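**Student:** Questions regarding the structure given below will be posed in turn.
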Amino acid sequence: MVSPPQVGEIIRLRSWHGVVLDVFTNEVGKTILRVQTVRNIFRRLNPEFIEFDLAPEAIETASMAELEAEVANYEEVLQESLRELVGHVKRNGDSEVR
């Protein structure tokens with residue numbers, strides 16, 4: 001990506017996807033992106049600030065399908081973790097809720 005993404009665009013940086021919420025220029029002329037990522041939503045974290053000018057070639061435009069695929073992956077991992085948690089209780093013979 002040669003130019004900074006616009007607000008509302010879906011981006012990919014390394015293996016994660018996010019949506020650009022704001023684009024700022026700091027006092028030395030560097031472009032700062034405020035991005036909410038799928039991983040941060042599942043971790044219950046706030047959006048991240050990313051300095052676009054550090055590695056503009058590492059940020060790519062992504063599609064809604066790619067964003068939805070990452071959401072689906074996190075949802076499946078979360079569901080599997082919950083199944084494992086409940087499975088620990090069931091395996092130990094204490095299936096009653098207290």
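As shown in the structure tokens, the chain order sets the letters A, B, ...; within each chain, residues go from 1, and ligands are also counted from 1 in the order they appear.
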Please give the complete set of residues from chain A that DSSP, run on the backbone, assigns to alpha helix (DSSP H), formatted as number ranges by chain.

**Tutor:** A: 38-43, 64-91

**Student:** What residues in range 15-88 of chain A get the DSSP label strand (DSSP E)? Please answer as a PyMOL selection string.

**Tutor:** chain A and resi 16-25+31-37+48-51+59-61

**Student:** I want to know what sits within 9 Å of Leu67 in chain A, based on only C-alpha atoms, with residues of the same chain fewer than 5 positions away left out; could you give that as a list in words?

**Tutor:**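 Final neighbour list, sorted by chain and number: Ile10, Ile11, Arg12, Trp16, His17, Gly18, Val19, Val38, Ala62 and Ala72 of chain A.
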
**Student:** Could you take the residues named above and write them with N, CA and C atoms, as a tab-separated table (two decimals), in the first residue's frame?

**Tutor:**
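Output below, filename part_1.tsv:
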```
chain	number	residue	atom	x	y	z
A	10	ILE	N	-10.66	-1.76	5.40
A	10	ILE	CA	-10.17	-2.97	6.05
A	10	ILE	C	-8.73	-3.16	5.62
A	11	ILE	N	-7.85	-3.40	6.59
A	11	ILE	CA	-6.44	-3.61	6.28
A	11	ILE	C	-5.95	-4.92	6.86
A	12	ARG	N	-4.84	-5.39	6.30
A	12	ARG	CA	-4.13	-6.56	6.83
A	12	ARG	C	-2.71	-6.12	7.14
A	16	TRP	N	-3.02	-10.35	10.87
A	16	TRP	CA	-4.28	-9.89	11.44
A	16	TRP	C	-4.95	-8.85	10.55
A	17	HIS	N	-6.25	-8.71	10.76
A	17	HIS	CA	-7.05	-7.76	10.00
A	17	HIS	C	-7.69	-6.76	10.95
A	18	GLY	N	-7.95	-5.57	10.43
A	18	GLY	CA	-8.61	-4.55	11.23
A	18	GLY	C	-9.27	-3.51	10.35
A	19	VAL	N	-9.98	-2.61	11.00
A	19	VAL	CA	-10.67	-1.53	10.31
A	19	VAL	C	-10.07	-0.21	10.79
A	38	VAL	N	-9.64	-7.48	14.84
A	38	VAL	CA	-10.45	-8.62	15.29
A	38	VAL	C	-9.84	-9.19	16.56
A	62	ALA	N	-7.50	-5.15	2.55
A	62	ALA	CA	-8.08	-6.49	2.65
A	62	ALA	C	-9.57	-6.41	2.34
A	72	ALA	N	-14.58	-15.54	12.08
A	72	ALA	CA	-15.05	-16.92	12.20
A	72	ALA	C	-14.01	-17.81	12.87
```

**Student:** Name the residues in contact with range 27-32 of chain A at a cut-off of 9 Å, using only C-alpha atoms, excluding same-chain residues fewer than 3 positions from it; report them as a CSV table (one decimal) with N, CA and C atoms, in the first residue's frame.

**Tutor:**
```
chain,number,residue,atom,x,y,z
A,4,PRO,N,-1.6,6.1,2.6
A,4,PRO,CA,-2.3,5.6,3.8
A,4,PRO,C,-3.7,5.2,3.5
A,22,ASP,N,-9.5,6.0,12.4
A,22,ASP,CA,-9.0,7.4,12.3
A,22,ASP,C,-7.7,7.4,11.6
A,23,VAL,N,-7.4,8.5,11.0
A,23,VAL,CA,-6.1,8.7,10.4
A,23,VAL,C,-5.6,10.1,10.9
A,24,PHE,N,-4.4,10.1,11.5
A,24,PHE,CA,-3.9,11.3,12.1
A,24,PHE,C,-2.5,11.6,11.4
A,49,PHE,N,-2.8,2.1,17.9
A,49,PHE,CA,-2.3,3.1,17.0
A,49,PHE,C,-1.1,2.6,16.3
A,50,ILE,N,-1.0,2.8,15.0
A,50,ILE,CA,0.0,2.2,14.1
A,50,ILE,C,0.6,3.3,13.3
A,51,GLU,N,1.9,3.5,13.4
A,51,GLU,CA,2.6,4.5,12.6
A,51,GLU,C,2.8,3.9,11.2
A,52,PHE,N,2.0,4.4,10.3
A,52,PHE,CA,2.0,3.9,8.9
A,52,PHE,C,3.3,4.0,8.2
A,53,ASP,N,4.0,5.1,8.4
A,53,ASP,CA,5.3,5.4,7.7
A,53,ASP,C,6.4,4.5,8.1
A,54,LEU,N,6.3,3.7,9.2
A,54,LEU,CA,7.4,2.8,9.6
A,54,LEU,C,7.5,1.7,8.6
```

**Student:** With a distance cut-off of 12 Å and only C-alpha atoms, select the neighbouring residues of range 77-80 of chain A, excluding the residue or stretch itself and same-chain residues fewer than 5 positions from it, and output the selection as a ChimeraX atom specification.

**Tutor:** /A:39,42-43,70-72,85-87

**Student:** Grab the residues selected above and save them as a short mmCIF file (atom, residue, chain, number, x, y, z; two decimals), in the first residue's frame with all heavy atoms.

**Tutor:**
```cif
data_model
loop_
_atom_site.label_atom_id
_atom_site.label_comp_id
_atom_site.auth_asym_id
_atom_site.auth_seq_id
_atom_site.Cartn_x
_atom_site.Cartn_y
_atom_site.Cartn_z
N ARG A 39 -8.54 -9.36 16.58
CA ARG A 39 -7.89 -9.96 17.76
C ARG A 39 -8.11 -9.12 19.01
O ARG A 39 -8.31 -9.65 20.09
CB ARG A 39 -6.41 -10.22 17.51
CG ARG A 39 -5.59 -8.95 17.40
CD ARG A 39 -4.15 -9.22 17.08
NE ARG A 39 -3.45 -7.94 17.08
CZ ARG A 39 -2.16 -7.80 17.10
NH1 ARG A 39 -1.40 -8.87 17.15
NH2 ARG A 39 -1.61 -6.62 17.09
N PHE A 42 -11.67 -9.62 20.41
CA PHE A 42 -11.78 -10.87 21.17
C PHE A 42 -10.99 -10.84 22.47
O PHE A 42 -11.34 -11.53 23.41
CB PHE A 42 -11.40 -12.08 20.30
CG PHE A 42 -12.52 -12.51 19.41
CD1 PHE A 42 -12.69 -11.96 18.16
CD2 PHE A 42 -13.44 -13.47 19.84
CE1 PHE A 42 -13.75 -12.35 17.34
CE2 PHE A 42 -14.50 -13.86 19.04
CZ PHE A 42 -14.66 -13.30 17.79
N ARG A 43 -9.98 -10.02 22.53
CA ARG A 43 -9.20 -9.85 23.77
C ARG A 43 -9.79 -8.75 24.65
O ARG A 43 -9.29 -8.49 25.74
CB ARG A 43 -7.75 -9.47 23.43
CG ARG A 43 -6.99 -10.55 22.76
CD ARG A 43 -5.62 -10.03 22.37
NE ARG A 43 -4.82 -11.04 21.74
CZ ARG A 43 -3.66 -10.81 21.15
NH1 ARG A 43 -3.15 -9.58 21.13
NH2 ARG A 43 -2.99 -11.78 20.60
N GLU A 70 -11.42 -14.15 9.53
CA GLU A 70 -10.69 -14.06 10.79
C GLU A 70 -11.66 -14.06 11.98
O GLU A 70 -11.40 -14.71 13.00
CB GLU A 70 -9.81 -12.81 10.84
CG GLU A 70 -8.94 -12.79 12.08
CD GLU A 70 -7.92 -11.67 12.12
OE1 GLU A 70 -7.66 -11.00 11.09
OE2 GLU A 70 -7.37 -11.45 13.21
N VAL A 71 -12.78 -13.37 11.85
CA VAL A 71 -13.79 -13.39 12.91
C VAL A 71 -14.27 -14.82 13.14
O VAL A 71 -14.35 -15.28 14.29
CB VAL A 71 -14.99 -12.47 12.56
CG1 VAL A 71 -16.16 -12.69 13.52
CG2 VAL A 71 -14.55 -11.00 12.57
N ALA A 72 -14.58 -15.54 12.08
CA ALA A 72 -15.05 -16.92 12.20
C ALA A 72 -14.01 -17.81 12.87
O ALA A 72 -14.34 -18.65 13.70
CB ALA A 72 -15.42 -17.48 10.83
N LEU A 85 -13.11 -26.15 28.59
CA LEU A 85 -13.35 -25.75 29.98
C LEU A 85 -14.45 -26.61 30.60
O LEU A 85 -14.28 -27.17 31.68
CB LEU A 85 -13.73 -24.27 30.04
CG LEU A 85 -14.08 -23.72 31.42
CD1 LEU A 85 -12.84 -23.71 32.31
CD2 LEU A 85 -14.67 -22.33 31.29
N VAL A 86 -15.56 -26.72 29.91
CA VAL A 86 -16.68 -27.53 30.40
C VAL A 86 -16.27 -29.00 30.45
O VAL A 86 -16.63 -29.72 31.38
CB VAL A 86 -17.93 -27.31 29.53
CG1 VAL A 86 -19.04 -28.29 29.89
CG2 VAL A 86 -18.41 -25.87 29.65
N GLY A 87 -15.48 -29.44 29.49
CA GLY A 87 -15.01 -30.82 29.47
C GLY A 87 -14.18 -31.18 30.69
O GLY A 87 -14.26 -32.29 31.21
#
```

**Student:** Grab the CA of Leu45 in chain A to CA of Glu84 in chain A distance for me, in Å with one decimal place.

**Tutor:**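 Those two atoms sit 23.7 Å apart.
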
**Student:** CA of Ala55 in chain A and CA of Thr37 in chain A are how many Å apart?

**Tutor:**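 Those two atoms sit 17.8 Å apart.
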